[in-house]
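Structure data follow from coords.pdb (PDB, C-alpha atoms):
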```pdb
ATOM      1  CA  MET X   1      64.225 188.790 -33.535
ATOM      2  CA  GLU X   2      66.801 186.122 -33.557
ATOM      3  CA  SER X   3      66.535 182.613 -32.277
ATOM      4  CA  GLY X   4      69.580 180.812 -31.041
ATOM      5  CA  LEU X   5      68.404 177.457 -32.369
ATOM      6  CA  LEU X   6      67.558 178.749 -35.826
ATOM      7  CA  SER X   7      70.869 180.609 -36.009
ATOM      8  CA  TYR X   8      72.694 177.476 -34.928
ATOM      9  CA  LEU X   9      70.947 175.459 -37.694
ATOM     10  CA  GLY X  10      71.487 178.203 -40.228
ATOM     11  CA  VAL X  11      67.746 178.603 -41.064
ATOM     12  CA  ASP X  12      66.209 181.977 -41.743
ATOM     13  CA  PRO X  13      63.002 182.450 -39.623
ATOM     14  CA  ALA X  14      61.181 183.911 -42.669
ATOM     15  CA  TYR X  15      61.419 180.582 -44.491
ATOM     16  CA  LEU X  16      60.025 178.800 -41.473
ATOM     17  CA  ILE X  17      57.053 181.192 -41.286
ATOM     18  CA  ILE X  18      56.334 180.725 -45.029
ATOM     19  CA  LEU X  19      56.478 176.940 -44.594
ATOM     20  CA  LEU X  20      54.017 177.117 -41.693
ATOM     21  CA  PHE X  21      51.608 179.253 -43.789
ATOM     22  CA  VAL X  22      51.757 176.720 -46.646
ATOM     23  CA  ILE X  23      51.067 173.829 -44.246
ATOM     24  CA  GLN X  24      48.186 175.797 -42.721
ATOM     25  CA  PHE X  25      46.607 176.415 -46.171
ATOM     26  CA  VAL X  26      46.939 172.706 -47.059
ATOM     27  CA  LEU X  27      45.287 171.736 -43.777
ATOM     28  CA  ILE X  28      42.470 174.251 -44.374
ATOM     29  CA  GLY X  29      41.949 172.673 -47.840
ATOM     30  CA  PHE X  30      41.712 169.198 -46.263
ATOM     31  CA  LEU X  31      39.272 170.543 -43.668
ATOM     32  CA  ILE X  32      37.015 172.062 -46.364
ATOM     33  CA  ARG X  33      37.076 168.813 -48.379
ATOM     34  CA  LEU X  34      36.254 166.764 -45.269
ATOM     35  CA  GLN X  35      33.390 169.132 -44.376
ATOM     36  CA  MET X  36      31.936 168.782 -47.894
ATOM     37  CA  LYS X  37      32.028 164.980 -47.671
ATOM     38  CA  TYR X  38      30.427 165.083 -44.244
ATOM     39  CA  ASN X  39      27.604 167.330 -45.487
ATOM     40  CA  LYS X  40      26.967 165.028 -48.463
ATOM     41  CA  MET X  41      26.896 161.941 -46.237
ATOM     42  CA  ARG X  42      24.588 163.687 -43.769
ATOM     43  CA  SER X  43      22.237 164.688 -46.605
ATOM     44  CA  ASN X  44      22.130 161.071 -47.849
ATOM     45  CA  TYR X  45      21.480 159.823 -44.325
ATOM     46  CA  GLN X  46      18.635 162.300 -43.784
ATOM     47  CA  THR X  47      17.083 161.321 -47.102
ATOM     48  CA  PHE X  48      17.316 157.650 -46.142
ATOM     49  CA  MET X  49      15.872 158.210 -42.682
ATOM     50  CA  LYS X  50      13.153 160.641 -43.792
ATOM     51  CA  GLY X  51       9.866 159.614 -42.190
ATOM     52  CA  LYS X  52      11.223 156.323 -40.897
ATOM     53  CA  ASP X  53      12.210 154.990 -37.578
ATOM     54  CA  GLY X  54      14.255 151.903 -36.775
ATOM     55  CA  LYS X  55      11.226 149.579 -36.923
ATOM     56  CA  SER X  56      10.029 150.756 -40.326
ATOM     57  CA  ILE X  57      13.543 150.434 -41.790
ATOM     58  CA  GLU X  58      13.724 146.879 -40.466
ATOM     59  CA  GLN X  59      10.302 146.168 -42.006
ATOM     60  CA  SER X  60      11.464 147.591 -45.355
ATOM     61  CA  VAL X  61      14.524 145.341 -45.332
ATOM     62  CA  LEU X  62      12.407 142.300 -44.426
ATOM     63  CA  ASP X  63       9.953 143.144 -47.213
ATOM     64  CA  ARG X  64      12.844 143.262 -49.692
ATOM     65  CA  PHE X  65      14.093 139.869 -48.523
ATOM     66  CA  ARG X  66      10.589 138.422 -48.956
ATOM     67  CA  ALA X  67      10.444 139.872 -52.472
ATOM     68  CA  PHE X  68      13.829 138.307 -53.298
ATOM     69  CA  ASP X  69      12.653 134.949 -51.935
ATOM     70  CA  LYS X  70       9.527 135.178 -54.087
ATOM     71  CA  LEU X  71      11.603 136.019 -57.169
ATOM     72  CA  GLU X  72      13.927 133.109 -56.458
ATOM     73  CA  ARG X  73      10.932 130.749 -56.208
ATOM     74  CA  ILE X  74       9.529 132.089 -59.497
ATOM     75  CA  VAL X  75      12.895 131.619 -61.226
ATOM     76  CA  ARG X  76      13.043 127.996 -60.030
ATOM     77  CA  GLU X  77       9.483 127.372 -61.296
ATOM     78  CA  ASN X  78      10.345 128.959 -64.657
ATOM     79  CA  SER X  79      13.454 126.790 -64.963
ATOM     80  CA  ARG X  80      11.393 123.684 -64.228
ATOM     81  CA  ASP X  81       8.770 124.737 -66.795
ATOM     82  CA  ILE X  82      11.440 125.407 -69.433
ATOM     83  CA  ASP X  83      12.942 121.949 -68.830
ATOM     84  CA  THR X  84       9.488 120.380 -69.187
ATOM     85  CA  LEU X  85       8.815 122.284 -72.423
ATOM     86  CA  TYR X  86      12.209 121.281 -73.796
ATOM     87  CA  ARG X  87      11.540 117.588 -73.056
ATOM     88  CA  MET X  88       8.093 117.851 -74.666
ATOM     89  CA  ASN X  89       9.473 119.694 -77.701
ATOM     90  CA  ARG X  90      12.002 116.943 -78.452
ATOM     91  CA  LYS X  91       9.139 114.759 -79.689
ATOM     92  CA  ASN X  92       7.706 117.427 -82.016
ATOM     93  CA  TYR X  93       8.584 117.408 -85.673
ATOM     94  CA  GLN X  94      11.385 119.905 -86.089
ATOM     95  CA  LYS X  95      13.208 118.853 -89.228
ATOM     96  CA  VAL X  96      11.675 118.966 -92.679
ATOM     97  CA  GLY X  97      12.929 117.880 -96.062
ATOM     98  CA  ILE X  98      10.990 118.176 -99.314
ATOM     99  CA  VAL X  99      11.942 117.159-102.847
ATOM    100  CA  LYS X 100       9.768 117.738-105.922
ATOM    101  CA  TYR X 101      10.278 115.457-108.922
ATOM    102  CA  ASP X 102       8.691 114.054-112.079
ATOM    103  CA  ALA X 103       7.821 110.467-111.097
ATOM    104  CA  PHE X 104       6.901 109.024-114.478
ATOM    105  CA  HIS X 105       8.658 111.468-116.848
ATOM    106  CA  GLU X 106       5.413 111.996-118.746
ATOM    107  CA  MET X 107       3.627 114.886-117.128
ATOM    108  CA  GLY X 108       6.078 117.598-118.063
ATOM    109  CA  GLY X 109       6.325 118.958-114.538
ATOM    110  CA  ASN X 110       7.479 118.146-111.067
ATOM    111  CA  LEU X 111       4.076 117.299-109.626
ATOM    112  CA  SER X 112       5.295 114.438-107.420
ATOM    113  CA  PHE X 113       6.987 115.136-104.103
ATOM    114  CA  VAL X 114       8.585 113.524-101.080
ATOM    115  CA  LEU X 115       8.064 115.081 -97.655
ATOM    116  CA  THR X 116      10.135 114.028 -94.635
ATOM    117  CA  MET X 117       9.258 115.071 -91.070
ATOM    118  CA  LEU X 118      11.646 114.236 -88.191
ATOM    119  CA  ASP X 119      11.910 115.029 -84.504
ATOM    120  CA  GLU X 120      15.132 115.935 -82.674
ATOM    121  CA  ASP X 121      16.184 112.261 -82.483
ATOM    122  CA  ASN X 122      15.634 111.818 -86.263
ATOM    123  CA  ASN X 123      12.489 109.726 -85.754
ATOM    124  CA  GLY X 124       9.489 110.349 -87.999
ATOM    125  CA  TRP X 125       8.221 109.496 -91.465
ATOM    126  CA  ILE X 126       8.676 109.958 -95.185
ATOM    127  CA  PHE X 127       5.564 110.754 -97.223
ATOM    128  CA  ASN X 128       5.865 110.111-100.968
ATOM    129  CA  ALA X 129       3.129 111.362-103.312
ATOM    130  CA  MET X 130       3.623 110.198-106.903
ATOM    131  CA  HIS X 131       1.425 111.909-109.474
ATOM    132  CA  SER X 132       0.593 110.419-112.874
ATOM    133  CA  ARG X 133      -2.117 110.801-115.518
ATOM    134  CA  GLU X 134      -4.103 107.960-114.015
ATOM    135  CA  GLY X 135      -3.997 109.266-110.450
ATOM    136  CA  CYS X 136      -1.942 109.995-107.397
ATOM    137  CA  TYR X 137      -0.254 107.290-105.340
ATOM    138  CA  THR X 138       0.884 107.960-101.806
ATOM    139  CA  TYR X 139       3.259 105.985 -99.638
ATOM    140  CA  ILE X 140       4.506 106.507 -96.128
ATOM    141  CA  LYS X 141       7.673 105.023 -94.666
ATOM    142  CA  GLU X 142       8.735 105.098 -91.026
ATOM    143  CA  VAL X 143      12.108 106.565 -90.045
ATOM    144  CA  VAL X 144      13.822 105.522 -86.798
ATOM    145  CA  LYS X 145      17.055 107.262 -85.755
ATOM    146  CA  GLY X 146      17.614 108.557 -89.280
ATOM    147  CA  GLU X 147      17.169 105.187 -91.025
ATOM    148  CA  SER X 148      14.269 103.491 -92.782
ATOM    149  CA  TYR X 149      13.773  99.728 -92.664
ATOM    150  CA  ILE X 150      12.225  99.895 -96.128
ATOM    151  CA  GLU X 151      14.469 100.635 -99.092
ATOM    152  CA  LEU X 152      14.319 104.299-100.115
ATOM    153  CA  ALA X 153      14.131 105.726-103.612
ATOM    154  CA  GLU X 154      16.654 108.378-104.655
ATOM    155  CA  GLU X 155      14.226 111.238-104.016
ATOM    156  CA  GLU X 156      13.240 109.802-100.624
ATOM    157  CA  ARG X 157      16.906 109.509 -99.609
ATOM    158  CA  GLU X 158      17.503 113.122-100.707
ATOM    159  CA  SER X 159      14.522 114.346 -98.692
ATOM    160  CA  LEU X 160      15.678 112.384 -95.629
ATOM    161  CA  ASP X 161      19.182 113.861 -95.945
ATOM    162  CA  GLN X 162      17.696 117.366 -96.245
ATOM    163  CA  ALA X 163      15.781 116.834 -93.015
ATOM    164  CA  ILE X 164      18.689 115.301 -91.081
ATOM    165  CA  TYR X 165      21.323 117.745 -92.332
ATOM    166  CA  GLN X 166      19.000 120.738 -92.582
ATOM    167  CA  GLU X 167      21.585 123.324 -91.504
ATOM    168  CA  GLU X 168      24.091 122.174 -94.136
ATOM    169  CA  PHE X 169      21.475 122.319 -96.917
ATOM    170  CA  ASP X 170      20.509 125.844 -95.852
ATOM    171  CA  ILE X 171      24.170 126.919 -95.974
ATOM    172  CA  ARG X 172      24.590 125.422 -99.458
ATOM    173  CA  LYS X 173      21.491 127.272-100.709
ATOM    174  CA  ILE X 174      22.879 130.557 -99.377
ATOM    175  CA  LYS X 175      26.220 129.999-101.154
ATOM    176  CA  ASP X 176      24.565 129.208-104.519
TER     177      ASP X 176
END
```
Output the file's structure as structure tokens, nothing else.
Amino acid sequence: MESGLLSYLGVDPAYLIILLFVIQFVLIGFLIRLQMKYNKMRSNYQTFMKGKDGKSIEQSVLDRFRAFDKLERIVRENSRDIDTLYRMNRKNYQKVGIVKYDAFHEMGGNLSFVLTMLDEDNNGWIFNAMHSREGCYTYIKEVVKGESYIELAEEERESLDQAIYQEEFDIRKIKD
């Protein structure tokens, strides 16, 4: 069988038939892939709709929104509580410095000590306990914003610096 148009174009009808078969197989492949996607989507839809009607789905969605609102309220309360705890914690003693020393160079040991306790704003006190053969003498000095209005001994100054610059002292101990 010869076609006038195909002869005029110089195309063999066998090539045209092969091309049509290839296109048909490609289209069948697309159809199979589309059918598989449809079946998967239908299965998901049936699972979602199982035992539910429109009203119960709406109720489920509303319940979820209520749960999210409740969680949001709880998160806000927790944030407020954390802020309150942080403000309260600023006044607690957080920084500590301690230096042991021999106060009178007669006891043969470092039985005397200076203890410094500071809050976040470097307010607090310095407690000095000096031990000798006759007894133990204790002194306390107030610290405001990292400074004492009373002159500090060398050990007291060292203890105050340990408390204020606690992180740096810890780093130096690690390096040694």
CA of Gly135 in chain X to CA of Val114 in chain X, distance in Å rounded to a single decimal: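 Distance reported for this atom pair: 16.3 Å.
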Pairwise distance for CA of Ile126 in chain X and CA of Tyr101 in chain X, rounded to one decimal in Å: 14.9 Å
Between CA of Asp102 in chain X and CA of Lys145 in chain X - distance in Å to one decimal: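 Computing the Euclidean distance for CA of Lys145 in chain X and CA of Asp102 in chain X yields 28.4 Å.
Considering only C-alpha atoms, the residue among X:Glu72, X:Glu168, X:Asp12, X:Asp161 positioned nearest to Ile98 in chain X is X:Asp161.
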Counting all atoms listed in the file, the residue of X:Ser159, X:Arg66, X:Arg80, X:Asn92 that sits nearest Phe113 in chain X: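 Checking each candidate against Phe113 in chain X, we get X:Ser159 as the closest.
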Output check: residues returned by the PyMOL selection byres ((chain X and resi 95) around 10), as a list in words: Asn92, Tyr93, Gln94, Val96, Gly97, Thr116, Met117, Leu118, Asp119, Glu120, Asp121, Asn122, Asn123, Gly124, Leu160, Gln162, Ala163, Ile164, Tyr165, Gln166 and Glu167 of chain X
Option closest in space to Glu147 in chain X, from X:Leu115, X:Leu34, X:Trp125, X:Lys70 [counting only C-alpha atoms]: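 Closest candidate: X:Trp125.
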